[in-house]
$ cat entry_38.cif   # mmCIF, C-alpha atoms and all ligand atoms
data_final
loop_
_atom_site.label_atom_id
_atom_site.label_comp_id
_atom_site.auth_asym_id
_atom_site.auth_seq_id
_atom_site.Cartn_x
_atom_site.Cartn_y
_atom_site.Cartn_z
CA MET A 1 -5.80 14.27 9.32
CA ALA A 2 -9.30 13.20 8.45
CA GLY A 3 -10.11 13.33 12.14
CA ARG A 4 -9.45 17.04 12.33
CA ASP A 5 -11.43 17.82 9.19
CA GLY A 6 -14.18 15.59 10.52
CA ASP A 7 -14.39 17.88 13.52
CA ALA A 8 -15.20 20.90 11.34
CA PRO A 9 -18.05 22.95 12.81
CA LEU A 10 -21.54 21.83 11.87
CA ASP A 11 -24.24 24.25 10.83
CA ALA A 12 -27.96 24.49 10.13
CA ALA A 13 -27.43 23.20 6.58
CA PHE A 14 -25.90 20.02 8.03
CA VAL A 15 -28.96 19.48 10.21
CA LEU A 16 -31.27 19.95 7.25
CA GLU A 17 -29.18 17.54 5.12
CA TRP A 18 -29.54 15.01 7.95
CA ILE A 19 -33.31 15.42 8.07
CA ARG A 20 -33.57 15.19 4.26
CA GLU A 21 -31.48 12.01 4.26
CA LEU A 22 -33.69 10.57 7.01
CA ALA A 23 -36.83 11.54 5.11
CA GLY A 24 -35.46 9.75 2.04
CA GLN A 25 -34.69 6.60 4.02
CA ILE A 26 -38.12 6.63 5.63
CA ARG A 27 -39.69 6.99 2.18
CA GLU A 28 -37.66 3.98 0.94
CA GLN A 29 -38.55 1.92 4.02
CA ARG A 30 -42.14 3.12 4.33
CA ASP A 31 -43.81 -0.15 3.41
CA TYR A 32 -41.36 -2.19 5.49
CA LEU A 33 -42.01 0.01 8.55
CA THR A 34 -45.73 -0.33 8.03
CA GLN A 35 -45.42 -4.14 7.73
CA LEU A 36 -43.51 -4.23 11.03
CA ASP A 37 -46.27 -2.16 12.63
CA ALA A 38 -48.94 -4.42 11.09
CA ALA A 39 -47.48 -7.36 13.04
CA ILE A 40 -47.62 -5.77 16.50
CA GLY A 41 -49.38 -2.41 16.10
CA ASP A 42 -51.91 -0.73 13.85
CA ALA A 43 -50.11 -0.83 10.49
CA ASP A 44 -49.50 2.89 10.07
CA HIS A 45 -45.94 3.60 11.24
CA GLY A 46 -44.31 3.87 7.82
CA ILE A 47 -47.21 5.84 6.33
CA ASN A 48 -47.28 8.23 9.29
CA MET A 49 -43.53 8.79 9.45
CA ASP A 50 -43.33 9.35 5.69
CA ARG A 51 -46.14 11.89 5.82
CA GLY A 52 -44.54 13.68 8.78
CA PHE A 53 -41.05 13.92 7.35
CA THR A 54 -42.34 14.92 3.91
CA GLU A 55 -44.27 17.71 5.62
CA ALA A 56 -41.23 18.67 7.71
CA ILE A 57 -39.11 19.11 4.61
CA SER A 58 -41.63 21.40 3.01
CA ALA A 59 -42.02 23.30 6.29
CA VAL A 60 -38.24 23.91 6.38
CA PRO A 61 -37.28 24.28 2.70
CA HIS A 62 -33.86 25.81 3.44
CA ALA A 63 -31.60 26.53 6.39
CA GLU A 64 -30.91 30.21 5.67
CA GLY A 65 -31.67 32.47 8.60
CA ARG A 66 -32.09 29.54 10.97
CA SER A 67 -29.78 28.18 13.64
CA PRO A 68 -29.17 24.40 13.75
CA GLY A 69 -31.32 24.22 16.88
CA ASP A 70 -34.09 26.15 15.17
CA VAL A 71 -34.13 23.71 12.23
CA LEU A 72 -34.47 20.73 14.59
CA GLN A 73 -37.21 22.44 16.60
CA ALA A 74 -39.18 23.34 13.47
CA VAL A 75 -38.88 19.77 12.17
CA GLY A 76 -39.85 18.37 15.58
CA ARG A 77 -42.94 20.59 15.80
CA THR A 78 -44.05 19.49 12.34
CA ILE A 79 -43.60 15.81 13.23
CA ILE A 80 -45.61 16.29 16.44
CA ASN A 81 -48.41 17.93 14.48
CA THR A 82 -48.54 15.53 11.54
CA VAL A 83 -47.52 12.06 12.74
CA GLY A 84 -50.33 10.14 14.40
CA GLY A 85 -50.17 7.69 17.26
CA ALA A 86 -47.34 7.67 19.75
CA ALA A 87 -44.64 8.13 17.10
CA GLY A 88 -45.38 11.85 16.55
CA PRO A 89 -44.89 13.00 20.14
CA LEU A 90 -41.97 10.60 20.65
CA PHE A 91 -39.93 11.31 17.50
CA GLY A 92 -41.08 14.92 17.13
CA GLY A 93 -40.65 15.69 20.80
CA GLY A 94 -37.20 14.10 20.75
CA LEU A 95 -36.08 16.23 17.80
CA ARG A 96 -37.58 19.37 19.32
CA SER A 97 -35.79 18.76 22.63
CA ALA A 98 -32.53 18.11 20.80
CA GLY A 99 -33.03 21.41 18.97
CA LYS A 100 -33.72 23.26 22.21
CA ARG A 101 -30.51 21.86 23.66
CA LEU A 102 -28.51 23.14 20.67
CA GLY A 103 -29.99 26.58 21.31
CA GLU A 104 -29.36 29.57 19.08
CA GLN A 105 -25.68 28.97 18.34
CA ALA A 106 -24.81 29.07 14.62
CA TYR A 107 -22.34 26.15 14.82
CA PHE A 108 -22.05 23.01 16.84
CA ASP A 109 -19.70 20.04 17.12
CA ALA A 110 -20.00 16.32 17.82
CA GLU A 111 -20.02 16.90 21.61
CA ASP A 112 -22.89 19.37 21.26
CA LEU A 113 -24.71 16.82 19.12
CA LEU A 114 -24.22 14.13 21.78
CA ALA A 115 -25.69 16.48 24.41
CA ALA A 116 -28.58 17.35 22.09
CA MET A 117 -29.37 13.71 21.35
CA ARG A 118 -29.26 12.97 25.08
CA ALA A 119 -31.87 15.69 25.57
CA GLY A 120 -33.89 14.01 22.83
CA LEU A 121 -33.66 10.66 24.61
CA GLU A 122 -34.73 12.27 27.91
CA SER A 123 -37.79 13.66 26.16
CA ILE A 124 -38.64 10.26 24.70
CA GLN A 125 -38.19 8.47 28.02
CA GLY A 126 -40.01 11.25 29.88
CA LEU A 127 -43.02 10.77 27.64
CA GLY A 128 -42.99 7.00 27.17
CA ALA A 129 -41.37 5.93 30.43
CA ALA A 130 -39.67 3.09 28.53
CA ALA A 131 -36.38 1.47 29.50
CA VAL A 132 -34.06 -0.76 27.52
CA GLY A 133 -35.74 -4.14 27.06
CA ASP A 134 -39.31 -2.80 26.75
CA LYS A 135 -39.25 -3.25 22.95
CA THR A 136 -39.39 0.42 21.94
CA ILE A 137 -37.37 3.25 20.34
CA VAL A 138 -35.26 3.23 23.50
CA ASP A 139 -33.76 -0.19 22.66
CA ALA A 140 -32.02 1.34 19.64
CA TYR A 141 -31.49 4.86 20.95
CA VAL A 142 -29.68 4.07 24.23
CA PRO A 143 -26.95 1.79 22.78
CA ALA A 144 -26.53 4.18 19.84
CA LEU A 145 -25.74 7.10 22.13
CA GLU A 146 -23.42 4.96 24.24
CA ALA A 147 -21.52 3.88 21.13
CA PHE A 148 -21.43 7.46 19.82
CA GLU A 149 -19.92 8.71 23.07
CA ARG A 150 -17.45 5.80 23.31
CA GLU A 151 -16.12 6.57 19.83
CA LEU A 152 -15.77 10.29 20.57
CA ARG A 153 -13.88 9.53 23.80
CA ALA A 154 -11.58 7.22 21.81
CA GLY A 155 -10.71 10.15 19.55
CA GLY A 156 -13.07 9.38 16.71
CA ASP A 157 -14.63 12.06 14.54
CA LEU A 158 -18.32 12.63 13.90
CA ALA A 159 -18.48 10.25 10.94
CA SER A 160 -16.92 7.35 12.83
CA ALA A 161 -18.99 8.07 15.96
CA ALA A 162 -22.13 8.10 13.82
CA ALA A 163 -21.06 4.82 12.20
CA ARG A 164 -20.63 3.15 15.60
CA ALA A 165 -23.97 4.62 16.69
CA ARG A 166 -25.70 3.27 13.58
CA GLU A 167 -24.24 -0.21 14.16
CA ALA A 168 -25.34 -0.17 17.81
CA ALA A 169 -28.80 1.12 16.87
CA GLU A 170 -29.22 -1.69 14.33
CA GLU A 171 -28.08 -4.25 16.87
CA GLY A 172 -30.53 -2.77 19.39
CA MET A 173 -33.26 -2.84 16.75
CA ARG A 174 -32.66 -6.55 16.11
CA SER A 175 -32.54 -7.19 19.86
CA THR A 176 -36.23 -6.22 20.05
CA ILE A 177 -37.28 -9.30 18.01
CA PRO A 178 -37.30 -11.85 20.89
CA LEU A 179 -38.62 -9.33 23.43
CA GLN A 180 -42.15 -9.14 24.77
CA ALA A 181 -43.38 -5.54 24.55
CA ARG A 182 -43.92 -3.79 27.88
CA LYS A 183 -44.78 -0.31 26.56
CA GLY A 184 -46.94 1.05 23.80
CA ARG A 185 -49.65 -0.55 21.72
CA ALA A 186 -47.63 -3.74 21.16
CA SER A 187 -47.74 -4.45 24.91
CA TYR A 188 -51.48 -5.19 24.58
CA LEU A 189 -50.47 -8.30 22.62
CA GLY A 190 -48.51 -9.70 25.55
CA PRO A 191 -46.55 -12.82 24.54
CA ARG A 192 -47.82 -12.49 20.95
CA SER A 193 -45.51 -9.48 20.52
CA VAL A 194 -42.51 -11.85 20.73
CA GLY A 195 -40.80 -12.64 17.43
CA HIS A 196 -41.40 -9.26 15.77
CA GLN A 197 -39.01 -6.34 15.33
CA ASP A 198 -40.17 -3.07 16.87
CA PRO A 199 -41.06 -0.44 14.23
CA GLY A 200 -40.00 2.50 16.44
CA ALA A 201 -36.58 0.95 17.08
CA THR A 202 -36.30 0.43 13.32
CA SER A 203 -37.00 4.10 12.58
CA THR A 204 -34.49 5.02 15.26
CA ALA A 205 -31.83 2.99 13.45
CA LEU A 206 -32.68 5.01 10.31
CA LEU A 207 -32.12 8.24 12.26
CA PHE A 208 -28.54 7.17 13.02
CA ALA A 209 -27.98 5.70 9.54
CA ALA A 210 -28.98 9.07 8.10
CA LEU A 211 -26.60 10.84 10.48
CA GLU A 212 -23.74 8.57 9.39
CA ARG A 213 -24.41 9.19 5.70
CA THR A 214 -24.70 12.94 6.19
CA ALA A 215 -21.51 13.08 8.26
CA ARG A 216 -19.60 11.01 5.67
CA ALA A 217 -20.82 13.26 2.86
CA ARG A 218 -19.76 16.35 4.79
CA LEU A 219 -16.35 14.80 5.52
CA ALA A 220 -15.86 14.05 1.82
CA VAL A 221 -16.63 17.67 0.93
CA THR A 222 -14.26 18.95 3.64
CA GLU A 223 -11.43 16.72 2.40
CA GLU A 224 -11.81 18.00 -1.17
CA ARG A 225 -10.82 21.49 -0.04
CA PRO A 226 -7.23 22.44 -1.00
MG MG B 1 -48.95 2.47 14.55
#
$ encode --input "entry_38.cif" --output "structure tokens" --more "lines below"
Ligand SMILES: [Mg+2]
Amino acid sequence: MAGRDGDAPLDAAFVLEWIRELAGQIREQRDYLTQLDAAIGDADHGINMDRGFTEAISAVPHAEGRSPGDVLQAVGRTIINTVGGAAGPLFGGGLRSAGKRLGEQAYFDAEDLLAAMRAGLESIQGLGAAAVGDKTIVDAYVPALEAFERELRAGGDLASAAARAREAAEEGMRSTIPLQARKGRASYLGPRSVGHQDPGATSTALLFAALERTARARLAVTEERP
């Protein structure tokens, strides 16, 4: 059953593949993310995120000798130190908290990942004090985690849970368009923030899209085994 193979233990290499995939997607979407930020922020989100994730990949060139949690913490620290504005502490802090939650264990599963991502969300909400509807990262992150958990409880594997999470994150991302921002720099615009998609929610959708692609790639490799 694909479901069983899809539940194969995940390791530090998986986490690094996820971060590399995310870095690649951010690179591809860099100008788009910056355009979104130009509409309601200070036009640097794509540039900053690309710089941060490029730096993170060179800071963690391989996963050998690291636990999955250690990889996430190292990436998170690099993002905090290199990404300007609010995005660095929010995305970097979220990844670092997720890594701390995974701890020093060499392997983890989809349930551990759910718990880790919840810790990441708590960090983001602890720092930004944003709720769903404020036109932030949280508008994509919260429904993504809910969809991820729902799929796991229904018996889905990591790849299908990540797919549901990505869909929900994209829906949440689009839901920010008609909203008036209540947190972050965009909130200074008041009603003029309406009609624009939130850049942070867009990057959050990429985080889950990268997870889906990495999980599917891992599943394909697992299924090739005799
Ligand atoms: Mg900005």
$ residues_near_ligand --input "entry_38.cif" --ligand "ligand MG 1 (chain B)" --cutoff "8 Å" --atoms "all atoms listed in the file" --output "ChimeraX atom specification"
/A:34,37-38,41-45,48,84-87,185
$ write_last_selection --input "entry_38.cif" --atoms "C-alpha atoms" --output "short mmCIF file (atom, residue, chain, number, x, y, z; two decimals), in the frame of the given file"
data_model
loop_
_atom_site.label_atom_id
_atom_site.label_comp_id
_atom_site.auth_asym_id
_atom_site.auth_seq_id
_atom_site.Cartn_x
_atom_site.Cartn_y
_atom_site.Cartn_z
CA THR A 34 -45.73 -0.33 8.03
CA ASP A 37 -46.27 -2.16 12.63
CA ALA A 38 -48.94 -4.42 11.09
CA GLY A 41 -49.38 -2.41 16.10
CA ASP A 42 -51.91 -0.73 13.85
CA ALA A 43 -50.11 -0.83 10.49
CA ASP A 44 -49.50 2.89 10.07
CA HIS A 45 -45.94 3.60 11.24
CA ASN A 48 -47.28 8.23 9.29
CA GLY A 84 -50.33 10.14 14.40
CA GLY A 85 -50.17 7.69 17.26
CA ALA A 86 -47.34 7.67 19.75
CA ALA A 87 -44.64 8.13 17.10
CA ARG A 185 -49.65 -0.55 21.72
#
$ atom_distance --input "entry_38.cif" --atom1 "CA of Ser203 in chain A" --atom2 "CA of Thr136 in chain A"
10.3 Å
$ closest_residue --input "entry_38.cif" --among "A:Pro191, A:Pro68, A:Gly128, A:Gly94" --to "Asp109 in chain A" --atoms "only C-alpha atoms"
A:Pro68
$ closest_residue --input "entry_38.cif" --among "A:Glu122, A:Asp198, A:Glu64, A:Asp157" --to "Asp11 in chain A" --atoms "all atoms listed in the file"
A:Glu64
$ closest_residue --input "entry_38.cif" --among "A:Gln35, A:Thr214, A:Ser67, A:Thr204" --to "Ile137 in chain A" --atoms "only C-alpha atoms"
A:Thr204
$ residues_around --input "entry_38.cif" --residues "Pro61 in chain A" --least-positions-apart "5" --cutoff "12 Å" --atoms "all atoms listed in the file" --output "VMD selection string"
chain A and resid 12 to 13 16 to 17 19 to 20 53 to 56 66 71 74 to 75
$ residues_around --input "entry_38.cif" --residues "Arg101 in chain A" --least-positions-apart "6" --cutoff "10 Å" --atoms "only C-alpha atoms" --output "count of residues only"
12
$ residues_around --input "entry_38.cif" --residues "Arg192 in chain A" --least-positions-apart "4" --cutoff "12 Å" --atoms "only C-alpha atoms" --output "ChimeraX atom specification"
/A:39-41,177-182,186-188,196
$ closest_residue --input "entry_38.cif" --among "A:Leu114, A:Ala130, A:Ile80, A:Ala215" --to "Ser160 in chain A" --atoms "only C-alpha atoms"
A:Ala215
$ closest_residue --input "entry_38.cif" --among "A:Val221, A:Ala110, A:Met49, A:Ala205" --to "Leu10 in chain A" --atoms "all atoms listed in the file"
A:Ala110
